[in-house]
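Notes for the one structure printed next.
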Amino acid sequence: MSMSEVQIHAGRAILSGNLNIPKGASALVLFAHGSGSSRHSPRNQFVARTLNEAGLATLLFDLLTPEEEAIDMQTREHRFDIHLLAERLVHATRWAKQQEQTSNLRTGYFGSSTGGAAALVAEVYVPRDIGAVVSRGGRPDLAGEALPRVQAPTLLIVGGNDEIVIELNEQARDRMHCEVKLEIVPGATHLFEEPGALEKVAQLASDWFAKHICSGVSH
């Protein structure tokens, strides 16, 4: 597996990322982390390792620059700026399409928390490039008017004890016209910290991507 630290130019911002490509990978999953998180999120890193073991390449990157992150820690003004987060994800998608080692890989998104909404909004900007979306404990409701326009098959994973977020995911699902599935992990809370919960998330995501972006069938 090749592992590299990368720099992604997103307009005036430069975003740091970690790109892992298993030998023979046929698809790449870009991670959009949630509020107050980064590419170092242990939960997303765990899911990424599971995807790598399944033969999927992964790109974890910071949606905010260190300066923006510092401001956000004080004001929280960026973490709910779904348009900004989606724009950064679109830049990263285009960046991946221009890199020799990832240009031929089919692409999917894995979004957590507010990153789930960012992934859905970004998909609307680059629908031809994105074959599947998975949201973990996401806020797809924040994708707003983008929801009915999403084309990629979408899996919404929510913890069974995360009741408000279940409701928000159900409302979002009902506004979507693409293939969409809501998976509730019994007994799990918002961060999936319970024993076995994150393993379940990683397996569900891995299966969804295997079905939709590794099979070579375009949606």
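Following the order of the structure tokens, first chain is A, next is B, and so on, with residues numbered from 1 inside each chain and ligands from 1 in the order they appear.
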Inset, instruction - From a DSSP pass on the backbone, collect the residues of stretch 20-156 of chain A flagged as alpha helix (DSSP H) and hand them back as a PyMOL selection string. - result: chain A and resi 42-53+66-75+82-98+114-125
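Residues surrounding A:Phe110 within 7 Å are Val29, Leu30, Phe31, Ala32, Val133, Val134 and Ser135 of chain A [only C-alpha atoms; sequence separation below 5 positions excluded].
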Inset, instruction - Identify, on the basis of only C-alpha atoms, every residue whose closest approach to A:Glu77 does not exceed 12 Å; exclude the query and any residue fewer than 5 positions from it along the same chain; express the result as a ChimeraX atom specification. - result: /A:35-36,64,68-72,82,84-85
Residues as selected, C-alpha atoms, written as a PDB file, in the first residue's frame, can you do that?
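Output below, filename part-v2.pdb:
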```
ATOM      1  CA  SER A  35     -17.617  19.686  13.176  1.00  0.00           C
ATOM      2  CA  GLY A  36     -14.530  20.369  15.230  1.00  0.00           C
ATOM      3  CA  LEU A  64     -10.360  23.806   7.139  1.00  0.00           C
ATOM      4  CA  GLU A  68      -9.799  28.635  10.025  1.00  0.00           C
ATOM      5  CA  GLU A  69      -9.707  25.790  12.542  1.00  0.00           C
ATOM      6  CA  ALA A  70      -8.447  28.160  15.239  1.00  0.00           C
ATOM      7  CA  ILE A  71     -11.241  30.643  14.511  1.00  0.00           C
ATOM      8  CA  ASP A  72     -13.809  27.843  14.431  1.00  0.00           C
ATOM      9  CA  ILE A  82     -21.999  23.556   4.650  1.00  0.00           C
ATOM     10  CA  LEU A  84     -17.737  26.111   2.382  1.00  0.00           C
ATOM     11  CA  LEU A  85     -17.170  22.489   3.445  1.00  0.00           C
TER      12      LEU A  85
END
```
Might you pull out every residue within 10 Å of stretch 190-203 of chain A, with only C-alpha atoms counted and same-chain residues fewer than 5 positions away left off, and present them as an mmCIF file with N, CA and C atoms, in the first residue's frame?
```cif
data_model
loop_
_atom_site.group_PDB
_atom_site.id
_atom_site.type_symbol
_atom_site.label_atom_id
_atom_site.label_comp_id
_atom_site.auth_asym_id
_atom_site.auth_seq_id
_atom_site.Cartn_x
_atom_site.Cartn_y
_atom_site.Cartn_z
ATOM 1 N N ARG A 43 -11.975 8.030 14.656
ATOM 2 C CA ARG A 43 -13.088 7.238 14.130
ATOM 3 C C ARG A 43 -12.998 7.112 12.607
ATOM 4 N N ASN A 44 -12.725 8.231 11.941
ATOM 5 C CA ASN A 44 -12.600 8.158 10.484
ATOM 6 C C ASN A 44 -11.371 7.353 10.077
ATOM 7 N N PHE A 46 -10.202 4.827 11.669
ATOM 8 C CA PHE A 46 -10.585 3.418 11.842
ATOM 9 C C PHE A 46 -11.369 2.923 10.624
ATOM 10 N N VAL A 47 -12.357 3.725 10.202
ATOM 11 C CA VAL A 47 -13.167 3.343 9.026
ATOM 12 C C VAL A 47 -12.273 3.262 7.789
ATOM 13 N N ALA A 48 -11.350 4.224 7.654
ATOM 14 C CA ALA A 48 -10.457 4.238 6.487
ATOM 15 C C ALA A 48 -9.607 2.965 6.433
ATOM 16 N N ARG A 49 -9.106 2.523 7.593
ATOM 17 C CA ARG A 49 -8.289 1.288 7.615
ATOM 18 C C ARG A 49 -9.108 0.096 7.151
ATOM 19 N N THR A 50 -10.368 0.038 7.575
ATOM 20 C CA THR A 50 -11.252 -1.055 7.146
ATOM 21 C C THR A 50 -11.438 -1.021 5.627
ATOM 22 N N LEU A 51 -11.621 0.186 5.077
ATOM 23 C CA LEU A 51 -11.795 0.320 3.626
ATOM 24 C C LEU A 51 -10.506 -0.063 2.903
ATOM 25 N N ALA A 54 -10.193 -3.616 2.550
ATOM 26 C CA ALA A 54 -11.127 -4.130 1.539
ATOM 27 C C ALA A 54 -10.680 -3.735 0.125
ATOM 28 N N SER A 112 -19.088 12.524 7.914
ATOM 29 C CA SER A 112 -19.526 12.375 9.307
ATOM 30 C C SER A 112 -20.087 13.689 9.820
ATOM 31 N N SER A 113 -21.145 13.606 10.627
ATOM 32 C CA SER A 113 -21.735 14.789 11.240
ATOM 33 C C SER A 113 -22.062 15.828 10.156
ATOM 34 N N VAL A 134 -21.705 7.736 1.712
ATOM 35 C CA VAL A 134 -22.081 7.161 3.007
ATOM 36 C C VAL A 134 -21.984 8.276 4.039
ATOM 37 N N SER A 135 -23.007 8.378 4.883
ATOM 38 C CA SER A 135 -23.039 9.387 5.940
ATOM 39 C C SER A 135 -23.087 8.672 7.285
ATOM 40 N N ARG A 136 -22.165 9.044 8.221
ATOM 41 C CA ARG A 136 -22.141 8.426 9.559
ATOM 42 C C ARG A 136 -22.552 9.447 10.609
ATOM 43 N N GLY A 137 -23.663 9.175 11.293
ATOM 44 C CA GLY A 137 -24.137 10.123 12.305
ATOM 45 C C GLY A 137 -24.247 11.514 11.702
ATOM 46 N N GLY A 138 -24.683 11.538 10.448
ATOM 47 C CA GLY A 138 -24.638 12.775 9.666
ATOM 48 C C GLY A 138 -25.825 13.683 9.894
ATOM 49 N N ILE A 157 -26.099 6.167 7.929
ATOM 50 C CA ILE A 157 -25.909 5.303 9.100
ATOM 51 C C ILE A 157 -26.078 6.150 10.361
ATOM 52 N N VAL A 158 -26.977 5.713 11.242
ATOM 53 C CA VAL A 158 -27.253 6.471 12.467
ATOM 54 C C VAL A 158 -27.294 5.510 13.651
ATOM 55 N N GLY A 159 -26.828 5.984 14.809
ATOM 56 C CA GLY A 159 -26.901 5.181 16.024
ATOM 57 C C GLY A 159 -28.332 5.071 16.522
ATOM 58 N N GLY A 160 -28.703 3.902 17.009
ATOM 59 C CA GLY A 160 -30.074 3.664 17.467
ATOM 60 C C GLY A 160 -30.493 4.541 18.637
ATOM 61 N N ASN A 161 -29.516 5.032 19.413
ATOM 62 C CA ASN A 161 -29.849 5.888 20.561
ATOM 63 C C ASN A 161 -29.678 7.375 20.241
ATOM 64 N N ASP A 162 -29.438 7.678 18.980
ATOM 65 C CA ASP A 162 -29.227 9.070 18.551
ATOM 66 C C ASP A 162 -30.551 9.582 17.971
ATOM 67 N N GLU A 163 -31.558 9.709 18.855
ATOM 68 C CA GLU A 163 -32.947 9.831 18.380
ATOM 69 C C GLU A 163 -33.221 11.061 17.518
ATOM 70 N N ILE A 164 -32.692 12.202 17.927
ATOM 71 C CA ILE A 164 -32.944 13.428 17.143
ATOM 72 C C ILE A 164 -32.345 13.293 15.750
ATOM 73 N N VAL A 165 -31.135 12.725 15.708
ATOM 74 C CA VAL A 165 -30.451 12.583 14.414
ATOM 75 C C VAL A 165 -31.158 11.538 13.536
ATOM 76 N N ILE A 166 -31.737 10.513 14.151
ATOM 77 C CA ILE A 166 -32.524 9.536 13.365
ATOM 78 C C ILE A 166 -33.652 10.271 12.653
ATOM 79 N N GLU A 183 -29.634 3.020 7.674
ATOM 80 C CA GLU A 183 -29.220 1.884 8.521
ATOM 81 C C GLU A 183 -29.075 2.385 9.954
ATOM 82 N N ILE A 184 -29.801 1.772 10.863
ATOM 83 C CA ILE A 184 -29.714 2.171 12.274
ATOM 84 C C ILE A 184 -28.922 1.108 13.033
ATOM 85 N N VAL A 185 -27.828 1.529 13.682
ATOM 86 C CA VAL A 185 -26.983 0.597 14.436
ATOM 87 C C VAL A 185 -27.528 0.538 15.871
ATOM 88 N N TRP A 208 -21.252 -1.024 1.103
ATOM 89 C CA TRP A 208 -21.951 -0.079 0.219
ATOM 90 C C TRP A 208 -21.036 0.367 -0.923
ATOM 91 N N PHE A 209 -19.799 0.695 -0.569
ATOM 92 C CA PHE A 209 -18.851 1.119 -1.610
ATOM 93 C C PHE A 209 -18.505 -0.044 -2.540
#
```
Inset, instruction - For A:Thr65, list every protein, DNA or RNA residue within 8 Å, evaluated using only C-alpha atoms, and leave out those in the same chain fewer than 6 positions away; present the list as a PyMOL selection string. - result: chain A and resi 13-15
Inset, instruction - List every residue of stretch 9-128 of chain A that DSSP, applied to the backbone of this structure, places in strand (DSSP E), and write the result as a PyMOL selection string. - result: chain A and resi 9-10+13-21+27-32+57-61+106-112
Those residues with C-alpha atoms, as a PDB file, in the first residue's frame please?
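That gives us out-v7.pdb:
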```pdb
ATOM      1  CA  HIS A   9      -5.028  23.549  -3.265  1.00  0.00           C
ATOM      2  CA  ALA A  10      -8.619  24.664  -2.722  1.00  0.00           C
ATOM      3  CA  ALA A  13      -6.602  27.592   0.935  1.00  0.00           C
ATOM      4  CA  ILE A  14      -4.074  24.775   1.147  1.00  0.00           C
ATOM      5  CA  LEU A  15      -5.442  21.671   2.866  1.00  0.00           C
ATOM      6  CA  SER A  16      -3.343  18.840   4.305  1.00  0.00           C
ATOM      7  CA  GLY A  17      -4.324  15.253   3.627  1.00  0.00           C
ATOM      8  CA  ASN A  18      -3.349  11.591   3.948  1.00  0.00           C
ATOM      9  CA  LEU A  19      -3.736   9.445   0.838  1.00  0.00           C
ATOM     10  CA  ASN A  20      -3.590   5.648   1.197  1.00  0.00           C
ATOM     11  CA  ILE A  21      -3.736   3.479  -1.919  1.00  0.00           C
ATOM     12  CA  ALA A  27     -11.924   3.092  -6.141  1.00  0.00           C
ATOM     13  CA  LEU A  28     -11.142   6.046  -3.873  1.00  0.00           C
ATOM     14  CA  VAL A  29     -13.190   7.249  -0.887  1.00  0.00           C
ATOM     15  CA  LEU A  30     -12.825  10.897   0.176  1.00  0.00           C
ATOM     16  CA  PHE A  31     -13.632  11.583   3.830  1.00  0.00           C
ATOM     17  CA  ALA A  32     -15.492  14.714   4.937  1.00  0.00           C
ATOM     18  CA  ALA A  57      -8.050   3.848  -1.525  1.00  0.00           C
ATOM     19  CA  THR A  58      -8.825   6.605   1.008  1.00  0.00           C
ATOM     20  CA  LEU A  59      -8.167  10.337   1.234  1.00  0.00           C
ATOM     21  CA  LEU A  60      -8.576  11.921   4.669  1.00  0.00           C
ATOM     22  CA  PHE A  61      -7.964  15.655   4.590  1.00  0.00           C
ATOM     23  CA  ARG A 106     -13.985   5.633  -9.231  1.00  0.00           C
ATOM     24  CA  THR A 107     -14.878   7.917  -6.350  1.00  0.00           C
ATOM     25  CA  GLY A 108     -17.142   7.907  -3.296  1.00  0.00           C
ATOM     26  CA  TYR A 109     -17.693  10.137  -0.260  1.00  0.00           C
ATOM     27  CA  PHE A 110     -17.793   9.219   3.440  1.00  0.00           C
ATOM     28  CA  GLY A 111     -19.147  12.099   5.529  1.00  0.00           C
ATOM     29  CA  SER A 112     -19.526  12.375   9.307  1.00  0.00           C
TER      30      SER A 112
END
```
